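Accompanying notes for the structure given below.
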Amino acid sequence: MTAIAAPSRRLRWSGWLLGFALGGFYDGILLHQILQWHHLLLGVDAAPFRDVRVQVLADGLFHALMYAIALAGGWLLWRGRAALDAAGAGRGLVADLLIGFGAWHVVDAVLFHWVLAIHRLRMDVAEPLPWDIGWLVAFGLLPIAAGLLLRRRPPAPGA
């Protein structure tokens with residue numbers, strides 16, 4: 001491993017982790033707190049989970065996990081900061097942030113909405129699947145595609 005390879009890897013992982021955490025914060029703040037469309041464990045039918053205090057606690061623990069992931073990403077960014085001097089490094093970091101942001105929404109939709117069924121995007125509608133798919137495409141697949149495109153396209157001359 002060369003001296004450049006290690007910081008570059010750190011920079012890439014920092015982007016993925018920071019983007020993933022930002023995706024989780026975006027989901028939790030917008031959907032759980034502002035719009036109040038769901039809580040993390042709202043689809044769990046057991047009696048203790050019907051208590052809103054338990055639901056809010058689960059949301060808070062989820063946010064604590066996102067903080068831990070963001071701190072790991074920030075630490076890796078700090079450790080790999082020397083790699084930011086390389087041409088295109090900032091562009092690569094933004095691409096990785098987008099990929100991480102989208103990855104959170106893919107994980108959320110597939111794992112939590114469909115596999116574990118602990119919540120859906122909209123718990124208050126008769127047909128939640130179109131909402132899940134729309135959110136997955138808009139905030140999962142499109143940011144990942146944008147990140148991959150940004151990473152592949154060469155920087156503009158003089159950038």
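The way I read the labels, and the way they are meant: chains A, B, ... in the order of the structure tokens, residue 1 as the first residue of every chain, and ligand 1 as the first ligand shown, with later ones counted on from there.
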
Inset, instruction - Please return as a PyMOL selection string: the residues of chain A that backbone DSSP assigns to helix (DSSP H, G or I). - result: chain A and resi 5-34+47-50+52-79+81-85+89-115+129-152

Inset, instruction - Please provide as a list of chain:residue names all residues within 10 Å of region 107-113 of chain A, with the sequence filter that same-chain residues fewer than 2 positions apart are discarded (counting only C-alpha atoms). - result: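 So the residues in contact are A:Phe20, A:Gly23, A:Gly24, A:Asp27, A:Leu40, A:Leu41, A:Gly43, A:Gly102, A:Ala103, A:Trp104, A:His105, A:Val115, A:Leu116, A:Ala117, A:Ile118, A:His119, A:Arg120, A:Leu121, A:Pro128, A:Leu129, A:Asp132, A:Ile133, A:Trp135, A:Leu136, A:Gly140.
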
Legend entry - Atomic distance CA of Gly74 (chain A) - CA of Ala58 (chain A), expressed in Å with one decimal: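 Value for the CA of Gly74 (chain A)-CA of Ala58 (chain A) distance: 24.2 Å.
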
Inset, instruction - Would you kindly return, as a list in words, each protein, DNA or RNA residue with an atom no farther than 8 Å from any atom of His63 (chain A), considering only C-alpha atoms and excluding same-chain residues fewer than 3 positions away? - result: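 Here the qualifying residues turn out to be Gly24, Phe25, Gly28, Asp59, Gly60, Met66 and Tyr67 of chain A.
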
So that I have them on file, write out the residues from the current selection with all heavy atoms, as a compact mmCIF listing (two decimals), in the first residue's frame.
# COMPACT_ATOMS: atom_id res chain seq x y z
N GLY A 24 -29.46 8.98 6.95
CA GLY A 24 -30.21 8.58 8.14
C GLY A 24 -30.78 9.78 8.88
O GLY A 24 -31.93 9.76 9.32
N PHE A 25 -29.98 10.85 9.03
CA PHE A 25 -30.48 12.06 9.68
C PHE A 25 -31.63 12.68 8.88
O PHE A 25 -32.63 13.11 9.44
CB PHE A 25 -29.37 13.10 9.84
CG PHE A 25 -28.37 12.77 10.92
CD1 PHE A 25 -27.02 12.86 10.66
CD2 PHE A 25 -28.78 12.38 12.18
CE1 PHE A 25 -26.08 12.57 11.65
CE2 PHE A 25 -27.86 12.09 13.17
CZ PHE A 25 -26.50 12.19 12.91
N GLY A 28 -34.66 10.47 9.46
CA GLY A 28 -35.17 10.57 10.82
C GLY A 28 -35.77 11.92 11.15
O GLY A 28 -36.84 12.00 11.75
N ASP A 59 -36.30 5.98 18.01
CA ASP A 59 -35.83 7.00 17.06
C ASP A 59 -34.57 7.68 17.58
O ASP A 59 -33.63 7.94 16.82
CB ASP A 59 -36.92 8.06 16.83
CG ASP A 59 -38.10 7.54 16.03
OD1 ASP A 59 -38.01 6.43 15.46
OD2 ASP A 59 -39.13 8.25 15.98
N GLY A 60 -34.53 7.97 18.87
CA GLY A 60 -33.35 8.60 19.46
C GLY A 60 -32.13 7.70 19.39
O GLY A 60 -31.02 8.15 19.09
N MET A 66 -26.55 7.03 14.06
CA MET A 66 -26.15 7.87 12.93
C MET A 66 -25.03 8.83 13.35
O MET A 66 -24.12 9.10 12.57
CB MET A 66 -27.34 8.65 12.37
CG MET A 66 -28.39 7.78 11.67
SD MET A 66 -27.73 6.87 10.26
CE MET A 66 -27.79 5.21 10.90
N TYR A 67 -25.09 9.34 14.59
CA TYR A 67 -24.00 10.18 15.10
C TYR A 67 -22.70 9.40 15.14
O TYR A 67 -21.65 9.91 14.78
CB TYR A 67 -24.32 10.73 16.49
CG TYR A 67 -25.10 12.02 16.48
CD1 TYR A 67 -26.41 12.06 16.97
CD2 TYR A 67 -24.54 13.19 16.00
CE1 TYR A 67 -27.13 13.24 16.96
CE2 TYR A 67 -25.25 14.38 15.99
CZ TYR A 67 -26.55 14.39 16.48
OH TYR A 67 -27.26 15.55 16.46

Legend entry - Given only C-alpha atoms as the counted atoms, nearest of A:Phe62, A:Phe101, A:Trp37, A:Phe49 to Ala21 (chain A): A:Phe101

Inset, instruction - List the neighbours of Leu93 (chain A) out to 7 Å using only C-alpha atoms; skip same-chain residues closer than 5 positions along the sequence, and give me the result as number ranges by chain. - result: A: 11-12, 15

With all heavy atoms retained, export the selected residues as a compact mmCIF listing (two decimals), in the first residue's frame.
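Written file, selection34.txt:
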# COMPACT_ATOMS: atom_id res chain seq x y z
N LEU A 11 -10.44 8.68 2.57
CA LEU A 11 -11.30 9.73 2.04
C LEU A 11 -12.57 9.14 1.44
O LEU A 11 -13.67 9.64 1.66
CB LEU A 11 -10.52 10.53 0.98
CG LEU A 11 -11.04 11.91 0.64
CD1 LEU A 11 -11.10 12.79 1.87
CD2 LEU A 11 -10.15 12.54 -0.41
N ARG A 12 -12.42 8.05 0.71
CA ARG A 12 -13.58 7.41 0.10
C ARG A 12 -14.53 6.88 1.18
O ARG A 12 -15.73 7.13 1.13
CB ARG A 12 -13.14 6.28 -0.82
CG ARG A 12 -14.34 5.58 -1.46
CD ARG A 12 -13.90 4.72 -2.60
NE ARG A 12 -13.97 5.57 -3.78
CZ ARG A 12 -13.87 5.14 -5.01
NH1 ARG A 12 -13.64 3.87 -5.25
NH2 ARG A 12 -13.97 5.94 -6.03
N GLY A 15 -16.43 9.66 2.90
CA GLY A 15 -17.58 10.12 2.12
C GLY A 15 -18.76 9.18 2.23
O GLY A 15 -19.90 9.61 2.42

Inset, instruction - Find the residue from A:Ala83, A:Leu42, A:Leu98, A:Ile34 that sits nearest to Gly19 (chain A); use only C-alpha atoms when measuring. - result: A:Leu98

Legend entry - Counting only C-alpha atoms, the residue of A:Ile99, A:Ala70, A:Arg153, A:Trp114 that sits nearest Leu22 (chain A):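 When distances to Leu22 (chain A) are compared using only C-alpha atoms, the smallest one comes from A:Ala70.
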
Inset, instruction - Using only C-alpha atoms, pick whichever of A:Arg9, A:Gly147, A:Ala138, A:Arg152 has the shortest atom-to-atom distance to Val106 (chain A). - result: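 Once distances to Val106 (chain A) are computed over only C-alpha atoms, the minimum belongs to A:Ala138.
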
Legend entry - Spatial neighbours of region 122-127 of chain A, max dist 7 Å, only C-alpha atoms, sep filter under 3 positions, as a VMD selection string: chain A and resid 37 to 38 130 to 131

For the residues selected in the previous step, produce a file with all heavy atoms as a PDB file, in the first residue's frame.
ATOM      1  N   TRP A  37     -44.532  10.775   9.672  1.00  0.00           N
ATOM      2  CA  TRP A  37     -45.138   9.715   8.875  1.00  0.00           C
ATOM      3  C   TRP A  37     -44.916   8.343   9.495  1.00  0.00           C
ATOM      4  O   TRP A  37     -45.690   7.432   9.269  1.00  0.00           O
ATOM      5  CB  TRP A  37     -44.571   9.721   7.464  1.00  0.00           C
ATOM      6  CG  TRP A  37     -45.130  10.806   6.592  1.00  0.00           C
ATOM      7  CD1 TRP A  37     -46.123  11.684   6.905  1.00  0.00           C
ATOM      8  CD2 TRP A  37     -44.725  11.120   5.265  1.00  0.00           C
ATOM      9  NE1 TRP A  37     -46.361  12.534   5.861  1.00  0.00           N
ATOM     10  CE2 TRP A  37     -45.496  12.199   4.819  1.00  0.00           C
ATOM     11  CE3 TRP A  37     -43.769  10.590   4.412  1.00  0.00           C
ATOM     12  CZ2 TRP A  37     -45.360  12.750   3.564  1.00  0.00           C
ATOM     13  CZ3 TRP A  37     -43.632  11.145   3.157  1.00  0.00           C
ATOM     14  CH2 TRP A  37     -44.425  12.214   2.730  1.00  0.00           C
ATOM     15  N   HIS A  38     -43.816   8.187  10.220  1.00  0.00           N
ATOM     16  CA  HIS A  38     -43.560   6.922  10.899  1.00  0.00           C
ATOM     17  C   HIS A  38     -42.505   7.110  11.974  1.00  0.00           C
ATOM     18  O   HIS A  38     -41.845   8.134  12.022  1.00  0.00           O
ATOM     19  CB  HIS A  38     -43.120   5.820   9.911  1.00  0.00           C
ATOM     20  CG  HIS A  38     -41.767   6.018   9.304  1.00  0.00           C
ATOM     21  ND1 HIS A  38     -41.591   6.478   8.012  1.00  0.00           N
ATOM     22  CD2 HIS A  38     -40.514   5.835   9.794  1.00  0.00           C
ATOM     23  CE1 HIS A  38     -40.300   6.549   7.743  1.00  0.00           C
ATOM     24  NE2 HIS A  38     -39.616   6.166   8.805  1.00  0.00           N
ATOM     25  N   PRO A 130     -46.276   2.182  -3.231  1.00  0.00           N
ATOM     26  CA  PRO A 130     -45.872   3.271  -4.150  1.00  0.00           C
ATOM     27  C   PRO A 130     -45.049   4.360  -3.457  1.00  0.00           C
ATOM     28  O   PRO A 130     -44.115   4.912  -4.053  1.00  0.00           O
ATOM     29  CB  PRO A 130     -47.202   3.828  -4.666  1.00  0.00           C
ATOM     30  CG  PRO A 130     -48.174   2.710  -4.490  1.00  0.00           C
ATOM     31  CD  PRO A 130     -47.717   1.961  -3.269  1.00  0.00           C
ATOM     32  N   TRP A 131     -45.353   4.663  -2.212  1.00  0.00           N
ATOM     33  CA  TRP A 131     -44.581   5.646  -1.459  1.00  0.00           C
ATOM     34  C   TRP A 131     -43.159   5.134  -1.234  1.00  0.00           C
ATOM     35  O   TRP A 131     -42.195   5.882  -1.390  1.00  0.00           O
ATOM     36  CB  TRP A 131     -45.255   5.934  -0.114  1.00  0.00           C
ATOM     37  CG  TRP A 131     -46.478   6.768  -0.247  1.00  0.00           C
ATOM     38  CD1 TRP A 131     -47.761   6.338  -0.406  1.00  0.00           C
ATOM     39  CD2 TRP A 131     -46.544   8.187  -0.261  1.00  0.00           C
ATOM     40  NE1 TRP A 131     -48.615   7.398  -0.508  1.00  0.00           N
ATOM     41  CE2 TRP A 131     -47.896   8.541  -0.414  1.00  0.00           C
ATOM     42  CE3 TRP A 131     -45.593   9.185  -0.135  1.00  0.00           C
ATOM     43  CZ2 TRP A 131     -48.307   9.867  -0.460  1.00  0.00           C
ATOM     44  CZ3 TRP A 131     -46.010  10.510  -0.177  1.00  0.00           C
ATOM     45  CH2 TRP A 131     -47.353  10.838  -0.341  1.00  0.00           C
TER      46      TRP A 131
END

Inset, instruction - Could you please determine the separation between CA of Leu18 (chain A) and CA of Leu71 (chain A) in Å, to one decimal place? - result: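 Here the two named atoms are 8.1 Å from each other.
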
Legend entry - Selection near Gly92 (chain A), 8 Å with only C-alpha atoms, sequence-local residues under 4 positions removed, as a PyMOL selection string: chain A and resi 12+88+96+150-151

Selection above as a file: all heavy atoms, as a tab-separated table (two decimals), in the first residue's frame:
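This went into part16.tsv:
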chain	number	residue	atom	x	y	z
A	12	ARG	N	-12.42	8.05	0.71
A	12	ARG	CA	-13.58	7.41	0.10
A	12	ARG	C	-14.53	6.88	1.18
A	12	ARG	O	-15.73	7.13	1.13
A	12	ARG	CB	-13.14	6.28	-0.82
A	12	ARG	CG	-14.34	5.58	-1.46
A	12	ARG	CD	-13.90	4.72	-2.60
A	12	ARG	NE	-13.97	5.57	-3.78
A	12	ARG	CZ	-13.87	5.14	-5.01
A	12	ARG	NH1	-13.64	3.87	-5.25
A	12	ARG	NH2	-13.97	5.94	-6.03
A	88	GLY	N	-9.17	16.49	-8.21
A	88	GLY	CA	-10.42	15.76	-8.25
A	88	GLY	C	-10.84	15.14	-6.93
A	88	GLY	O	-11.88	14.48	-6.87
A	96	ASP	N	-18.86	10.39	-3.30
A	96	ASP	CA	-19.01	9.36	-2.26
A	96	ASP	C	-20.07	9.74	-1.25
A	96	ASP	O	-20.79	8.88	-0.73
A	96	ASP	CB	-17.67	9.10	-1.59
A	96	ASP	CG	-16.68	8.45	-2.54
A	96	ASP	OD1	-17.11	7.73	-3.46
A	96	ASP	OD2	-15.46	8.66	-2.37
A	150	LEU	N	-20.76	11.29	-11.28
A	150	LEU	CA	-19.79	12.32	-10.90
A	150	LEU	C	-18.40	11.71	-10.75
A	150	LEU	O	-17.40	12.32	-11.13
A	150	LEU	CB	-20.23	12.95	-9.58
A	150	LEU	CG	-19.51	14.20	-9.12
A	150	LEU	CD1	-19.64	15.32	-10.15
A	150	LEU	CD2	-20.06	14.65	-7.77
A	151	ARG	N	-18.33	10.52	-10.21
A	151	ARG	CA	-17.04	9.85	-10.03
A	151	ARG	C	-16.44	9.43	-11.37
A	151	ARG	O	-15.24	9.45	-11.55
A	151	ARG	CB	-17.22	8.63	-9.13
A	151	ARG	CG	-15.92	7.96	-8.81
A	151	ARG	CD	-15.98	7.09	-7.61
A	151	ARG	NE	-15.79	7.74	-6.35
A	151	ARG	CZ	-14.68	8.39	-5.99
A	151	ARG	NH1	-13.69	8.52	-6.81
A	151	ARG	NH2	-14.57	8.91	-4.80

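Atom pair CA of Pro154 (chain A) / CA of Ala87 (chain A) has a distance of 10.7 Å (rounded to one decimal).
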